[in-house]
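Peer 1: Got a structure for you, questions after.
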Amino acid sequence: MMTVFRDRVDAGRQLAERLAYLCDQDVVVLGLPRGGVPVAFEVAEALNAPLDVIVVRKLGVPFQPELAMGAIGEGGARVLDADVCRRARISEDDLRTVERQERGELEARVARYRRGRERVAVSGRVAVVVDDGIATGSTARVACEVARQLGAARVVLAVPVGPSRTLRDFPAADEVVCVSAVSRFLAVGYHYLDFSPTSDEQVVVLLDVASRRALRVHPGVGADADVDVEIPVGATTMQGHLHVPESAAAVVVFAHGSGSSRHSPRNRFVADVLYRAGLGTLLLDLLTPEEEVERANVFDIELLAGRLTAATAWLATRPDTVSCQVNYFGASTGAGAALWAAADAGPRISAVVSRGGRPDLAGRRLARVQAPTLLIVGSKDRTVLELNRRAQAQLRCPNRLTIVEGATHLFEEPGTLAEAAMHARDWFVDHLPSTGIEHRSAAVR
């Protein structure tokens with residue numbers, strides 16, 4: 001039976017279980033951008049290991065660029081295919097010219113991903129090279145060889161899925177770990193329910209989160225809380241992740257839509273932008289995995305709103321969030337739930353943001369919402385845009401409809417998710433009565 005992963009987070013967690021034996025070793029996890037990084041993030045978290053990217057660039061034959069004569073990586077690492085170089089009669093001058101060009105591209109990409117962070121040291125350590133899957137294995141093979149040139153004592157290739165024939169014969173790595181080795185392999189994407197593209201912005205966010213995780217202090221009053229939480233509600237329990245900077249004035253509670261979760265790279269990206277502005281975030285799964293199976297629950301807005309209300313009450317029980325104002329960020333059906341809950345909560349909710357949401361699902365409660373509300377919609381998400389315009393006409397609170405040009409429903413186009421996140425950040429900060437974090441927002445605009 002073919003193994004199918006829910007998404008890259010699920011794949012990373014299953015892969016991490018296979019790598020648990022490395023927990024007590026000196027490990028560095030290296031994700032291949034872009035899709036390999038969300039998988040590597042989960043592996044690094046499970047192993048309590050540092051996370052970094054391993055960026056490689058192909059060196060194409062000058063007169064036939066699609067044919068690789070080698071590849072390069074950071075730290076001057078270079079891997080050559082001697083046979084191709086010999087047959088193509090590549091001179092040292094040819095090699096230097098191509099490498100100079102590709103080295104510039106590599107360094108630009110590295111700068112974009114790391115944004116000033118130092119490269120994690122690989123020398124003398126176990127390098128776990130992670131991708132979201134392999135087909136021919138050529139990129140992963142070069143990455144492993146580059147990791148070895150950077151001084152890795154041992155190289156482990158770790159992937160959720162790949163063809164069994166390729167995985168059996170992989171001399172570039174000392175060891176290969178795979179969740180599902182497939183004899184009849186078609187493509188990596190066939191093994192994922194959600195194989196949506198990973199953006200450069202998401203890669204940067206995950207690297208930032210991993211970097212902070214390595215430095216964070218123990219959570220508590222007056223400290224930066226960054227913890228998984230369980231929130232009781234009736235006979236069930238909601239799973240969430242709370243991240244509250246020291247002296248935060250507000251916490252933004254996320255209500256995602258169907259097909260998403262608190263682990264979603266998109267949600268994490270937005271949460272990180274808000275955190276950088278001094279806002280706490282609570283990424284929350286409003287439904288249990290068992291409840292999500294019943295499709296009707298995803299559109300039970302009253303049920304979802306009740307869960308948001310329960311999470312809001314729970315925040316008032318924690319010493320580090322009791323004095324924080326509460327905001328809601330909703331996407332898809334979660335936006336309808338956020339506005340429903342905000343209508344019932346009255347002035348207790350400071351602001352609401354909907355991204356690609358269905359505010360219309362809050363129905364008649366829209367007219368009762370008091371919290372300033374921002375509706376963000378992609379210009380290419382035409383059906384949802386019209387629903388938002390109709391919903392906006394029913395709002396009586398301060399409100400705005402912001403259209404992100406070129407964005408579709410999931411804001412997957414380059415730069416569109418970042419634009420939406422910055423609109424959300426500014427809205428939340430601008431509607432805080434306290435001025436305590438305004439300077440932090442201004443610093444990142």
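Going by the structure tokens order, chains are called A, B, ..., each with residues numbered from 1, while ligands are numbered from 1 in the order shown.
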I'd like the neighbourhood of A:Pro265 as a short mmCIF file (atom, residue, chain, number, x, y, z; two decimals) with N, CA and C atoms, in the first residue's frame, where a residue qualifies if any of its atoms comes within 12 Å (using only C-alpha atoms), though same-chain residues fewer than 5 positions away should be ignored.

Peer 2:
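Result file follows (out29.cif):
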data_model
loop_
_atom_site.label_atom_id
_atom_site.label_comp_id
_atom_site.auth_asym_id
_atom_site.auth_seq_id
_atom_site.Cartn_x
_atom_site.Cartn_y
_atom_site.Cartn_z
N ASP A 7 0.96 16.21 4.86
CA ASP A 7 1.69 17.38 4.36
C ASP A 7 3.14 17.20 4.77
N ARG A 8 3.95 18.22 4.56
CA ARG A 8 5.38 18.10 4.87
C ARG A 8 5.62 18.03 6.37
N VAL A 9 4.75 18.63 7.15
CA VAL A 9 4.89 18.53 8.62
C VAL A 9 4.70 17.09 9.06
N ARG A 34 13.37 24.31 -1.62
CA ARG A 34 12.60 24.89 -0.54
C ARG A 34 11.82 23.83 0.24
N GLY A 35 11.26 22.85 -0.50
CA GLY A 35 10.35 21.90 0.12
C GLY A 35 10.95 21.04 1.20
N VAL A 37 12.83 22.02 3.62
CA VAL A 37 13.03 22.73 4.88
C VAL A 37 11.89 22.49 5.88
N PRO A 38 10.61 22.51 5.49
CA PRO A 38 9.57 22.18 6.47
C PRO A 38 9.71 20.77 7.04
N VAL A 39 10.16 19.83 6.23
CA VAL A 39 10.41 18.47 6.71
C VAL A 39 11.58 18.47 7.69
N PHE A 41 12.66 20.91 9.46
CA PHE A 41 12.31 21.63 10.68
C PHE A 41 11.77 20.68 11.73
N GLU A 42 10.88 19.78 11.30
CA GLU A 42 10.29 18.81 12.25
C GLU A 42 11.35 17.83 12.75
N ASP A 194 -1.23 17.22 0.65
CA ASP A 194 -0.96 18.65 0.43
C ASP A 194 0.51 18.79 0.06
N PHE A 195 0.76 19.06 -1.21
CA PHE A 195 2.13 19.25 -1.70
C PHE A 195 2.27 20.65 -2.29
N SER A 196 1.59 21.61 -1.64
CA SER A 196 1.64 22.99 -2.13
C SER A 196 3.06 23.53 -2.01
N PRO A 197 3.42 24.47 -2.89
CA PRO A 197 4.80 24.98 -2.92
C PRO A 197 5.19 25.64 -1.60
N THR A 198 6.47 25.53 -1.28
CA THR A 198 7.04 26.23 -0.13
C THR A 198 7.74 27.48 -0.67
N SER A 199 7.43 28.63 -0.08
CA SER A 199 8.00 29.88 -0.56
C SER A 199 9.32 30.19 0.14
N ASP A 200 10.07 31.12 -0.45
CA ASP A 200 11.29 31.59 0.21
C ASP A 200 10.97 32.19 1.57
N GLU A 201 9.83 32.90 1.67
CA GLU A 201 9.45 33.50 2.95
C GLU A 201 9.24 32.43 4.02
N GLN A 202 8.63 31.32 3.64
CA GLN A 202 8.39 30.25 4.62
C GLN A 202 9.71 29.61 5.06
N VAL A 203 10.64 29.48 4.13
CA VAL A 203 11.95 28.94 4.48
C VAL A 203 12.62 29.82 5.52
N VAL A 204 12.59 31.13 5.29
CA VAL A 204 13.22 32.07 6.22
C VAL A 204 12.57 32.00 7.59
N VAL A 205 11.24 31.93 7.61
CA VAL A 205 10.54 31.87 8.90
C VAL A 205 10.93 30.63 9.69
N LEU A 206 10.96 29.49 9.04
CA LEU A 206 11.30 28.26 9.74
C LEU A 206 12.73 28.29 10.26
N LEU A 207 13.64 28.86 9.49
CA LEU A 207 15.02 28.99 9.97
C LEU A 207 15.10 29.94 11.16
N VAL A 209 12.65 30.57 13.33
CA VAL A 209 12.04 29.90 14.48
C VAL A 209 13.02 28.89 15.08
N HIS A 256 -7.69 28.81 11.83
CA HIS A 256 -7.44 28.44 10.43
C HIS A 256 -8.65 27.74 9.83
N SER A 260 -6.00 22.98 6.91
CA SER A 260 -4.83 23.61 7.49
C SER A 260 -4.71 23.17 8.95
N VAL A 270 2.92 33.91 9.18
CA VAL A 270 2.19 35.08 9.67
C VAL A 270 2.46 35.27 11.16
N ALA A 271 2.45 34.17 11.91
CA ALA A 271 2.70 34.26 13.36
C ALA A 271 4.07 34.85 13.65
N ASP A 272 5.05 34.51 12.85
CA ASP A 272 6.39 35.03 13.08
C ASP A 272 6.45 36.53 12.80
N LEU A 283 -1.33 29.62 18.00
CA LEU A 283 -1.74 28.79 16.85
C LEU A 283 -2.55 27.64 17.40
N LEU A 410 -4.83 31.00 -1.49
CA LEU A 410 -3.87 30.59 -0.47
C LEU A 410 -2.66 31.53 -0.38
N PHE A 411 -2.63 32.59 -1.17
CA PHE A 411 -1.52 33.54 -1.15
C PHE A 411 -0.18 32.83 -1.36
N GLU A 412 -0.16 31.97 -2.39
CA GLU A 412 1.05 31.20 -2.68
C GLU A 412 2.00 31.94 -3.62
N LEU A 417 1.97 36.49 0.49
CA LEU A 417 1.72 36.15 1.89
C LEU A 417 2.41 37.14 2.82
#

Peer 1: Taking 4 positions as the minimum chain separation for residues in the same chain, which residues sit within 9 Å of A:Leu193 when counting only C-alpha atoms? Answer as a PyMOL selection string.

Peer 2: chain A and resi 4-7+189

Peer 1: Taking the backbone alone, and naming residues the way the document does, which bits of stretch 217-389 of chain A are helix (DSSP H, G or I) by DSSP, as a ChimeraX atom specification?

Peer 2: /A:265-276,289-293,295-298,301-315,333-348,359-368,382-389

Peer 1: Taking only C-alpha atoms into account, which of A:Thr402, A:Ser323, A:Thr3, A:Ser354 comes nearest A:Cys178?

Peer 2: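 Ranking A:Thr402, A:Ser323, A:Thr3, A:Ser354 by distance to A:Cys178, first place goes to A:Thr3.
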
Peer 1: Compile the contact shell of stretch 420-423 of chain A as a PyMOL selection string: residues with an atom at most 8 Å away, counting only C-alpha atoms, same-chain residues fewer than 3 positions apart removed.

Peer 2: chain A and resi 269-270+273-274+355+376+404+416-417+426-427+445

Peer 1: Those selected residues, please, written with N, CA and C atoms and delivered as a PDB file, in the first residue's frame.

Peer 2:
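This is the output file again27.pdb:
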ATOM      1  N   PHE A 269       4.304  31.416   9.266  1.00  0.00           N
ATOM      2  CA  PHE A 269       4.910  32.608   8.686  1.00  0.00           C
ATOM      3  C   PHE A 269       4.241  33.873   9.224  1.00  0.00           C
ATOM      4  N   VAL A 270       2.916  33.913   9.176  1.00  0.00           N
ATOM      5  CA  VAL A 270       2.193  35.083   9.670  1.00  0.00           C
ATOM      6  C   VAL A 270       2.457  35.269  11.160  1.00  0.00           C
ATOM      7  N   VAL A 273       5.761  36.989  11.762  1.00  0.00           N
ATOM      8  CA  VAL A 273       5.721  38.417  11.470  1.00  0.00           C
ATOM      9  C   VAL A 273       5.098  39.176  12.645  1.00  0.00           C
ATOM     10  N   LEU A 274       4.028  38.629  13.216  1.00  0.00           N
ATOM     11  CA  LEU A 274       3.373  39.270  14.354  1.00  0.00           C
ATOM     12  C   LEU A 274       4.274  39.250  15.583  1.00  0.00           C
ATOM     13  N   ARG A 355      -7.933  36.671   6.537  1.00  0.00           N
ATOM     14  CA  ARG A 355      -7.092  36.530   5.339  1.00  0.00           C
ATOM     15  C   ARG A 355      -7.691  35.458   4.438  1.00  0.00           C
ATOM     16  N   ILE A 376      -8.663  40.871   4.303  1.00  0.00           N
ATOM     17  CA  ILE A 376      -7.596  40.804   3.300  1.00  0.00           C
ATOM     18  C   ILE A 376      -7.957  39.715   2.298  1.00  0.00           C
ATOM     19  N   VAL A 404      -4.878  42.257  -2.079  1.00  0.00           N
ATOM     20  CA  VAL A 404      -3.479  41.990  -2.420  1.00  0.00           C
ATOM     21  C   VAL A 404      -3.419  41.592  -3.889  1.00  0.00           C
ATOM     22  N   THR A 416       3.149  37.605  -1.819  1.00  0.00           N
ATOM     23  CA  THR A 416       1.772  37.958  -1.456  1.00  0.00           C
ATOM     24  C   THR A 416       1.460  37.620  -0.001  1.00  0.00           C
ATOM     25  N   LEU A 417       1.968  36.494   0.492  1.00  0.00           N
ATOM     26  CA  LEU A 417       1.720  36.146   1.892  1.00  0.00           C
ATOM     27  C   LEU A 417       2.413  37.142   2.818  1.00  0.00           C
ATOM     28  N   ASP A 426       0.178  45.510  10.969  1.00  0.00           N
ATOM     29  CA  ASP A 426      -0.084  46.933  11.154  1.00  0.00           C
ATOM     30  C   ASP A 426      -1.477  47.167  11.744  1.00  0.00           C
ATOM     31  N   TRP A 427      -2.442  46.367  11.311  1.00  0.00           N
ATOM     32  CA  TRP A 427      -3.808  46.528  11.817  1.00  0.00           C
ATOM     33  C   TRP A 427      -3.866  46.232  13.313  1.00  0.00           C
ATOM     34  N   ARG A 445       8.947  47.573   9.777  1.00  0.00           N
ATOM     35  CA  ARG A 445       8.175  47.996   8.593  1.00  0.00           C
ATOM     36  C   ARG A 445       9.104  48.341   7.445  1.00  0.00           C
TER      37      ARG A 445
END

Peer 1: Tell me which protein, DNA and RNA residues are within 10 Å of A:Arg184, counting only C-alpha atoms, leaving out same-chain ones fewer than 2 positions away, and put them as a PyMOL selection string.

Peer 2: chain A and resi 2+162-165+181-182+186-187

Peer 1: Quick one: everything within 9 Å of stretch 304-312 of chain A, counting only C-alpha atoms, minus sequence neighbours fewer than 2 positions away in the same chain. Send it as a ChimeraX atom specification.

Peer 2: /A:231-233,238,253-255,282,284,286-287,297-302,314-316,326,328,334,336-342,344-345

Peer 1: Stretch 15-66 of chain A near stretch 81-104 of chain A within 9 Å: what's each residue's closest atom pair and its distance in Å to one decimal, counting only C-alpha atoms, ordered by chain then ascending residue number, as a tab-separated table?

Peer 2:
residue	atom	partner	partner_atom	distance
A:Arg57	CA	A:Glu102	CA	6.5
A:Lys58	CA	A:Glu102	CA	7.6
A:Leu59	CA	A:Val98	CA	6.5
A:Gly60	CA	A:Val98	CA	7.4
A:Val61	CA	A:Ala88	CA	7.5
A:Pro62	CA	A:Val98	CA	7.2

Peer 1: Restricting the output to N, CA and C atoms, write the selected residues as a PDB file, in the first residue's frame.

Peer 2:
ATOM      1  N   ARG A  57      24.211  24.504  -6.208  1.00  0.00           N
ATOM      2  CA  ARG A  57      23.949  25.015  -7.547  1.00  0.00           C
ATOM      3  C   ARG A  57      24.639  24.127  -8.566  1.00  0.00           C
ATOM      4  N   LYS A  58      23.907  23.803  -9.618  1.00  0.00           N
ATOM      5  CA  LYS A  58      24.468  22.984 -10.685  1.00  0.00           C
ATOM      6  C   LYS A  58      25.453  23.795 -11.504  1.00  0.00           C
ATOM      7  N   LEU A  59      26.524  23.155 -11.931  1.00  0.00           N
ATOM      8  CA  LEU A  59      27.464  23.746 -12.885  1.00  0.00           C
ATOM      9  C   LEU A  59      27.173  23.112 -14.250  1.00  0.00           C
ATOM     10  N   GLY A  60      26.565  23.886 -15.140  1.00  0.00           N
ATOM     11  CA  GLY A  60      26.194  23.343 -16.436  1.00  0.00           C
ATOM     12  C   GLY A  60      27.312  23.481 -17.452  1.00  0.00           C
ATOM     13  N   VAL A  61      27.389  22.541 -18.342  1.00  0.00           N
ATOM     14  CA  VAL A  61      28.354  22.628 -19.436  1.00  0.00           C
ATOM     15  C   VAL A  61      28.051  23.893 -20.240  1.00  0.00           C
ATOM     16  N   PRO A  62      29.053  24.720 -20.563  1.00  0.00           N
ATOM     17  CA  PRO A  62      28.809  26.024 -21.212  1.00  0.00           C
ATOM     18  C   PRO A  62      27.937  25.961 -22.451  1.00  0.00           C
TER      19      PRO A  62
END

Peer 1: Find the distance between atom CA of A:Met69 and atom CA of A:Leu32 and write it in Å to one decimal.

Peer 2: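 Spanning atom CA of A:Met69 to atom CA of A:Leu32 is a straight-line distance of 20.3 Å.
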
Peer 1: So that I can check the surroundings of A:Ala20, please list as a PyMOL selection string every protein, DNA and RNA residue that reaches within 10 Å of it, counting only C-alpha atoms and ignoring chain neighbours fewer than 6 positions away.

Peer 2: chain A and resi 43+46-47

Peer 1: Any chance you can output those residues with C-alpha atoms as a compact mmCIF listing (two decimals), in the first residue's frame?

Peer 2:
# COMPACT_ATOMS: atom_id res chain seq x y z
CA VAL A 43 13.32 16.51 12.27
CA ALA A 46 12.47 16.16 17.41
CA LEU A 47 16.24 15.64 17.64

Peer 1: If we count only C-alpha atoms, what is near A:Val146 at a cut-off of 7 Å, once residues fewer than 3 positions away on the same chain are taken out, given as a PyMOL selection string?

Peer 2: chain A and resi 73+77-78+142-143+149-150

Peer 1: From stretch 232-394 of chain A, collect each residue whose DSSP state is strand (DSSP E) and return the set as number ranges by chain.

Peer 2: A: 232-233, 236-244, 250-255, 280-284, 325-331, 349-355, 373-378

Peer 1: Store the residues picked out above, limited to C-alpha atoms, as a PDB file, in the first residue's frame.

Peer 2:
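Dumped everything to out.pdb:
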ATOM      1  CA  PRO A 232      -9.556  21.800  27.725  1.00  0.00           C
ATOM      2  CA  VAL A 233     -12.988  22.498  26.278  1.00  0.00           C
ATOM      3  CA  THR A 236     -12.232  17.303  24.533  1.00  0.00           C
ATOM      4  CA  THR A 237      -8.870  19.055  24.364  1.00  0.00           C
ATOM      5  CA  MET A 238      -7.563  21.511  21.774  1.00  0.00           C
ATOM      6  CA  GLN A 239      -3.912  21.385  20.771  1.00  0.00           C
ATOM      7  CA  GLY A 240      -2.055  24.659  20.290  1.00  0.00           C
ATOM      8  CA  HIS A 241       1.268  26.454  20.272  1.00  0.00           C
ATOM      9  CA  LEU A 242       1.721  29.604  22.342  1.00  0.00           C
ATOM     10  CA  HIS A 243       4.517  32.056  21.617  1.00  0.00           C
ATOM     11  CA  VAL A 244       4.548  35.181  23.780  1.00  0.00           C
ATOM     12  CA  ALA A 250      -1.615  41.363  23.146  1.00  0.00           C
ATOM     13  CA  VAL A 251      -2.026  37.800  21.918  1.00  0.00           C
ATOM     14  CA  VAL A 252      -3.390  36.963  18.474  1.00  0.00           C
ATOM     15  CA  VAL A 253      -5.428  33.746  18.398  1.00  0.00           C
ATOM     16  CA  PHE A 254      -5.375  31.976  15.006  1.00  0.00           C
ATOM     17  CA  ALA A 255      -8.457  30.290  13.584  1.00  0.00           C
ATOM     18  CA  GLY A 280       2.035  37.022  21.199  1.00  0.00           C
ATOM     19  CA  THR A 281       0.449  34.289  19.062  1.00  0.00           C
ATOM     20  CA  LEU A 282      -1.645  31.218  19.788  1.00  0.00           C
ATOM     21  CA  LEU A 283      -1.740  28.794  16.855  1.00  0.00           C
ATOM     22  CA  LEU A 284      -4.706  26.577  17.508  1.00  0.00           C
ATOM     23  CA  GLN A 325      -5.522  41.950  25.061  1.00  0.00           C
ATOM     24  CA  VAL A 326      -6.860  39.328  22.654  1.00  0.00           C
ATOM     25  CA  ASN A 327      -7.088  39.617  18.865  1.00  0.00           C
ATOM     26  CA  TYR A 328      -8.356  37.098  16.310  1.00  0.00           C
ATOM     27  CA  PHE A 329      -6.765  36.130  12.984  1.00  0.00           C
ATOM     28  CA  GLY A 330      -8.992  33.958  10.808  1.00  0.00           C
ATOM     29  CA  ALA A 331      -8.514  32.262   7.445  1.00  0.00           C
ATOM     30  CA  ILE A 349     -11.605  41.457  21.509  1.00  0.00           C
ATOM     31  CA  SER A 350      -9.382  44.315  20.340  1.00  0.00           C
ATOM     32  CA  ALA A 351      -9.176  43.616  16.597  1.00  0.00           C
ATOM     33  CA  VAL A 352      -9.924  40.983  13.966  1.00  0.00           C
ATOM     34  CA  VAL A 353      -8.138  40.177  10.702  1.00  0.00           C
ATOM     35  CA  SER A 354      -9.491  37.857   8.011  1.00  0.00           C
ATOM     36  CA  ARG A 355      -7.092  36.530   5.339  1.00  0.00           C
ATOM     37  CA  THR A 373     -11.948  44.379  11.385  1.00  0.00           C
ATOM     38  CA  LEU A 374      -9.574  44.071   8.430  1.00  0.00           C
ATOM     39  CA  LEU A 375     -10.559  41.867   5.481  1.00  0.00           C
ATOM     40  CA  ILE A 376      -7.596  40.804   3.300  1.00  0.00           C
ATOM     41  CA  VAL A 377      -8.377  39.114  -0.015  1.00  0.00           C
ATOM     42  CA  GLY A 378      -6.331  38.227  -3.086  1.00  0.00           C
TER      43      GLY A 378
END

Peer 1: Work out how far apart atom CA of A:Val55 and atom CA of A:Gly406 are and give it in Å to one decimal.

Peer 2: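 Distance reported for this atom pair: 28.6 Å.
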
Peer 1: Return the single residue from A:Asp132, A:Tyr275, A:Arg141, A:Asp208 that is closest to A:Asp224, with distances computed using only C-alpha atoms.

Peer 2: A:Tyr275

Peer 1: For a quick check of understanding, using only C-alpha atoms, which of A:Val79, A:Ala127, A:Leu19, A:Leu395 has the smallest distance to A:Val56?

Peer 2: A:Val79

Peer 1: Would you compute the distance between atom CA of A:Glu105 and atom CA of A:Ile72? Give it in Å to one decimal.

Peer 2: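 Pair atom CA of A:Glu105 / atom CA of A:Ile72 returns 10.7 Å.
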
Peer 1: Compare A:Ala68, A:Val110, A:Val28, A:Ala391 by their minimum atom-to-atom distance to A:Arg125, counting only C-alpha atoms, and give me the closest one.

Peer 2: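 Checking each candidate against A:Arg125, we get A:Val28 as the closest.
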
Peer 1: In terms of the shortest atom-to-atom distance over only C-alpha atoms, which of A:Pro319, A:Gly151, A:Gly257, A:Gly76 is closest to A:Glu292?

Peer 2: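 So, comparing all the options, the nearest one is A:Gly257.
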
Peer 1: Restricting the calculation to only C-alpha atoms: of A:Thr317, A:Asn267, A:Gln25, A:Ser261, which residue gets closest to A:Pro289?

Peer 2: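 Smallest distance to A:Pro289 is found for A:Ser261.
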